[in-house]
Amino acid sequence: MLQAIFYARFHPERGPSVVHQYPKGSIVSNAKDEGQNLVSFSDISAYIIPPYELCDRSFSICSNGRRVLGFPISVEDQKYDRNRFTFNVCFVLDEKTNAQPWHRVVAKTTAFFRDMEESDGLLHEEETLPGLKWADEETYPAESTGVIYGLLRAIVEDLNAYEETCIRVDELHVLNLRLEHHNSTTPPKVRISDVPLLTSALPDSEQWTCDVTLQRIWPHMDGVKHVQRIAEHADVELKLVKRAVRALIYHQRAMLLDLFHFQAVYTATADLAWFISDEQMQEECCRYVAGTNDQDDPADTTSMTLVQLYTSLSPGLSLHDFVLSHSSTLARIDIRRFITFGVIKGFLRRVHKYALAIDTPSSKPLSSTQGSSPSKSKPKSNEAVVREFQQAWKRAALTSGWATPPAEPPLLTTAASHHRGSQQVVAESDDEEDEKLRRCLDGKHCLDEICVALRISEKKLSEKIRTGRFGEVLVFSK
Amino acid sequence: MERSKRQKQRKVLLMGRSGAGKSSMRSIIFSNYVAKDVRRLGATVDVEHSNIRFMGNLMLNLWDCGGQDSFVESYLSNQRSHVFTSVAVMIFVFDISSREAAADLLSFASTIRALYEFSPGSKIFVLIHKMDLVPADQKARVFQQKAIDVRTTCEDEGFQSQQVDFWATSIWDQSLYKAWTQVIYFLVPNASAIEDMLRRLADLLDARELILYERTTCLVVTHITRDAEQRNPYNDRFERISSILKTHKHSMAKHTGTMASEVSFAELQIKTGDFMFFITRLTENTNLAVVMPSDEASFNAARVNVQLARREFSHLDIVEKRGKDVQRQGKDGPALEEVRMADDGEASSSGRASDR
């Protein structure tokens, strides 16, 4: 809770003084009513307006059971009396409040004030207005004079009521503040196969104040398209889409779903117990999954049915098989919504498959236990060497501007030469794909991601892996 | 002559209303600013402490106190004893162009009241500053009037008249150097001993005048004027030379591309039909200016003699060597306190062979 806010500056004759404060009497009071101040300004003034070398950084001090957060700023310019304009905008909180989320708010506010001064001289001008009352005068505040008092009041009231504010001072200056508490965890990296789903509405496009990327991808974020597709359809660079989605997750405006396809495997989590006991959620689910059904018999899908269906999902059972085995029950249910509801609420989770290549084939010739065709093992390893060599040549050639890379690599054993002939034709075109695939086989990329990246189906991917070109590949589910 | 093994620390308060010119003066004297540069200085926030080494064994703790109302209030109330204890010299600056003369005087009165409470024996230098803004014909009158007002206030607060000195100053002429020279002269611990030695040297050289300058600030430490020279009508010649030396340093800095604080010269000679003049290094922290009659032979002799005399004067100006050297001197006993020529001088001054 923000207890008070004040704006102080170094006056050439008075020294450090409070110009504006809200609420009235919180920091300095006029001669008549002493003793109600939250903090004594004279005690802390040396820290509010410090020597110039200490300005332009965050400063806080505790006094009288309260914490005062500030960010003193000193603007140097010949036009000012004594060549400098030094000021500070300080937030007063209770000492025990967690001040962590406030630091950014303070920094942003003081930067805003600095902006106002540097571009329009608003702060300096305020003091020349006739009828302006300083904070320690009896008839403070003169509400109709100047902009700062109103600004400070709006900050306190809005931040206490809504934890955010958007205050317009004049045509050019708008202050947007938000108090953010959930700063501790870094949001997860967004994969190209992830599907972003908006969890709260974004403002109308008229109210956009920034982020061109978000403006362009927003219409495509429907909870069905995955990141790569959004990037393609919106014609935005993939990196930017990932970053924007990650920011939305951080601000808790979106969540990530997995890529929906029928080879996927889902299973229930412990939260299913909660779903089973919560009747309201079951009703909501009924309504949701019956969505695309044009027939008007909603009662057909009972909560019981849903629970049965959810519990029959298990690891090892692909959606394809699941649908086939429950085809009659699922006739009246939108399967995509059925799955999505569970994932969003948290009682279903996707079981991802990961592939890890255990041995790299480019190492010295492996023992005969490796791979599906032992007869091919020796030339395979040679071929891999050849391919890599060719890759390297190609890369070098293209970067240095040669027209074509040399036709054949110098070293080859005669035993492999007849194999080489037939395979070389196919090798080049698949080279790039294989390289990419090889890099993905480190156990950190789920198959969904690999499929999307290489634009092949899971079936084809499994085939590729099974050819043994990548050595022994372990596929595991998590 | 007394040689102190430890530095003498002197606390000097520099106070006055905001914008009076305190920090500007400090920058010109001690930080090699030129008068037109001080326009760019910002207001002093609270107190700026500088420790200035002077003549090797004098350490000035200069407290440049911000003059804004809230700071002054703070010095007089919650920081009262901290600020006003153990003060050797208070330099109070009045801006003669100020429109609030009465308020200035009241502020001065409160300040010296606090000073009397904690350091009743301190010396007060009152500088009536920005005299360049006063028309030339009114300068003397304005200064006198102000001095009378201020003196009355001092007496009211308990200070004896000999504790208070008045000087008219301006950053645009040599009066600044004159005033600060007096401050330094008051603070230098062995001024009379230095004067004795210089007098003897002057007699030996048959010089018309000897002036001793502090090296970095170019302030006069002391001077010896003999016979005919005493009729010289330019009483302010010493500070004018200070000013000229200061400017010379700046132009040397500009032409050699170094900092004004780092430049130094070995010797400067001026020869005319009426006199001959040279300035050369006397000790590590001082330069000696010698004015001789216009005679080549005695001029050259003087130069040689000053060179030889350097070793003697090194006692004046003990640069604080590291611990073990000081202890080595101590072991040799107090007999070494006396001035000695040649080899003994070397041993006792711990490696000052470079003086030769």
# chains A, B, ... in the order shown; residues from 1 in each chain; ligands from 1
call {"tool": "interface_residues", "arguments": {"of": "chain A", "to": "chain B", "cutoff": "7 Å", "atoms": "only C-alpha atoms", "output": "short mmCIF file (atom, residue, chain, number, x, y, z; two decimals) with N, CA and C atoms, in the first residue's frame"}}
result
data_model
loop_
_atom_site.label_atom_id
_atom_site.label_comp_id
_atom_site.auth_asym_id
_atom_site.auth_seq_id
_atom_site.Cartn_x
_atom_site.Cartn_y
_atom_site.Cartn_z
N PRO A 12 17.67 26.74 -5.28
CA PRO A 12 18.95 27.44 -5.13
C PRO A 12 19.05 28.28 -3.86
N GLU A 13 17.93 28.72 -3.32
CA GLU A 13 18.04 29.47 -2.08
C GLU A 13 17.61 28.67 -0.86
N ARG A 14 16.53 27.90 -1.03
CA ARG A 14 16.04 27.18 0.15
C ARG A 14 16.83 25.91 0.43
N GLY A 15 17.42 25.36 -0.61
CA GLY A 15 18.06 24.06 -0.41
C GLY A 15 17.06 22.97 -0.74
N PRO A 16 17.27 21.73 -0.28
CA PRO A 16 16.34 20.65 -0.60
C PRO A 16 14.98 20.93 0.05
N PRO A 51 24.55 14.42 -3.06
CA PRO A 51 25.53 15.05 -3.95
C PRO A 51 25.41 14.49 -5.37
N ARG A 82 22.42 28.14 -11.07
CA ARG A 82 23.44 27.23 -10.55
C ARG A 82 23.65 26.01 -11.44
N ASN A 83 23.24 26.14 -12.70
CA ASN A 83 23.60 25.15 -13.72
C ASN A 83 23.03 23.76 -13.57
N ARG A 84 22.17 23.52 -12.58
CA ARG A 84 21.64 22.17 -12.41
C ARG A 84 20.22 22.20 -11.91
#
call {"tool": "select_by_dssp", "arguments": {"residues": "range 68-188 of chain A", "states": "strand (DSSP E or B)", "output": "MDAnalysis selection string"}}
result
chainID A and resid 68:70 73:76 84:94 164:168 174:178
call {"tool": "residues_around", "arguments": {"residues": "range 230-240 of chain A", "least_positions_apart": "2", "cutoff": "12 Å", "atoms": "only C-alpha atoms", "output": "JSON, numbers by chain"}}
result
{"A": [189, 190, 191, 192, 193, 194, 195, 196, 197, 211, 212, 213, 214, 215, 216, 217, 218, 219, 220, 221, 222, 223, 224, 225, 226, 227, 228, 242, 243, 244, 245, 246, 247, 453]}
call {"tool": "atom_distance", "arguments": {"atom1": "CA of Lys146 in chain B", "atom2": "CA of Leu14 in chain B"}}
result
19.0 Å
call {"tool": "residues_around", "arguments": {"residues": "Ser314 in chain A", "least_positions_apart": "3", "cutoff": "8 Å", "atoms": "only C-alpha atoms", "output": "list of chain:residue names"}}
result
A:Val265, A:Tyr266, A:Thr267, A:Ala268, A:Thr311, A:Leu317
call {"tool": "select_by_dssp", "arguments": {"residues": "range 20-181 of chain B", "states": "alpha helix (DSSP H)", "output": "NGL selection string"}}
result
:B and (22-30 or 69-76 or 80-84 or 101-118 or 139-156 or 175-181)
call {"tool": "residues_around", "arguments": {"residues": "Thr169 in chain B", "least_positions_apart": "5", "cutoff": "9 Å", "atoms": "only C-alpha atoms", "output": "list in words"}}
result
Leu127, Ile128, His129, Lys130, Met131, Asp132, Gln174, Ser175, Leu176, Tyr177, Lys178 and Ala179 of chain B
call {"tool": "atom_distance", "arguments": {"atom1": "CA of Thr256 in chain B", "atom2": "CA of Thr216 in chain B"}}
result
17.5 Å
call {"tool": "residues_around", "arguments": {"residues": "Ser122 in chain B", "least_positions_apart": "2", "cutoff": "7 Å", "atoms": "only C-alpha atoms", "output": "VMD selection string"}}
result
chain B and resid 87 to 89 119 to 120 124
call {"tool": "residues_around", "arguments": {"residues": "range 221-236 of chain B", "least_positions_apart": "3", "cutoff": "10 Å", "atoms": "only C-alpha atoms", "output": "VMD selection string"}}
result
chain B and resid 55 174 to 175 177 to 178 181 to 186 188 191 to 192 194 to 196 198 to 203 206 to 214 218 239 to 241 286 to 291
call {"tool": "atom_distance", "arguments": {"atom1": "CA of Leu441 in chain A", "atom2": "CA of Ile456 in chain A"}}
result
15.2 Å
call {"tool": "closest_residue", "arguments": {"among": "B:Ser242, B:Asn57, B:Ser31, B:Thr111", "to": "Glu284 in chain B", "atoms": "only C-alpha atoms"}}
result
B:Asn57
call {"tool": "closest_residue", "arguments": {"among": "A:Tyr354, A:Tyr310, A:Phe389, A:Phe476", "to": "Ile450 in chain A", "atoms": "only C-alpha atoms"}}
result
A:Tyr354
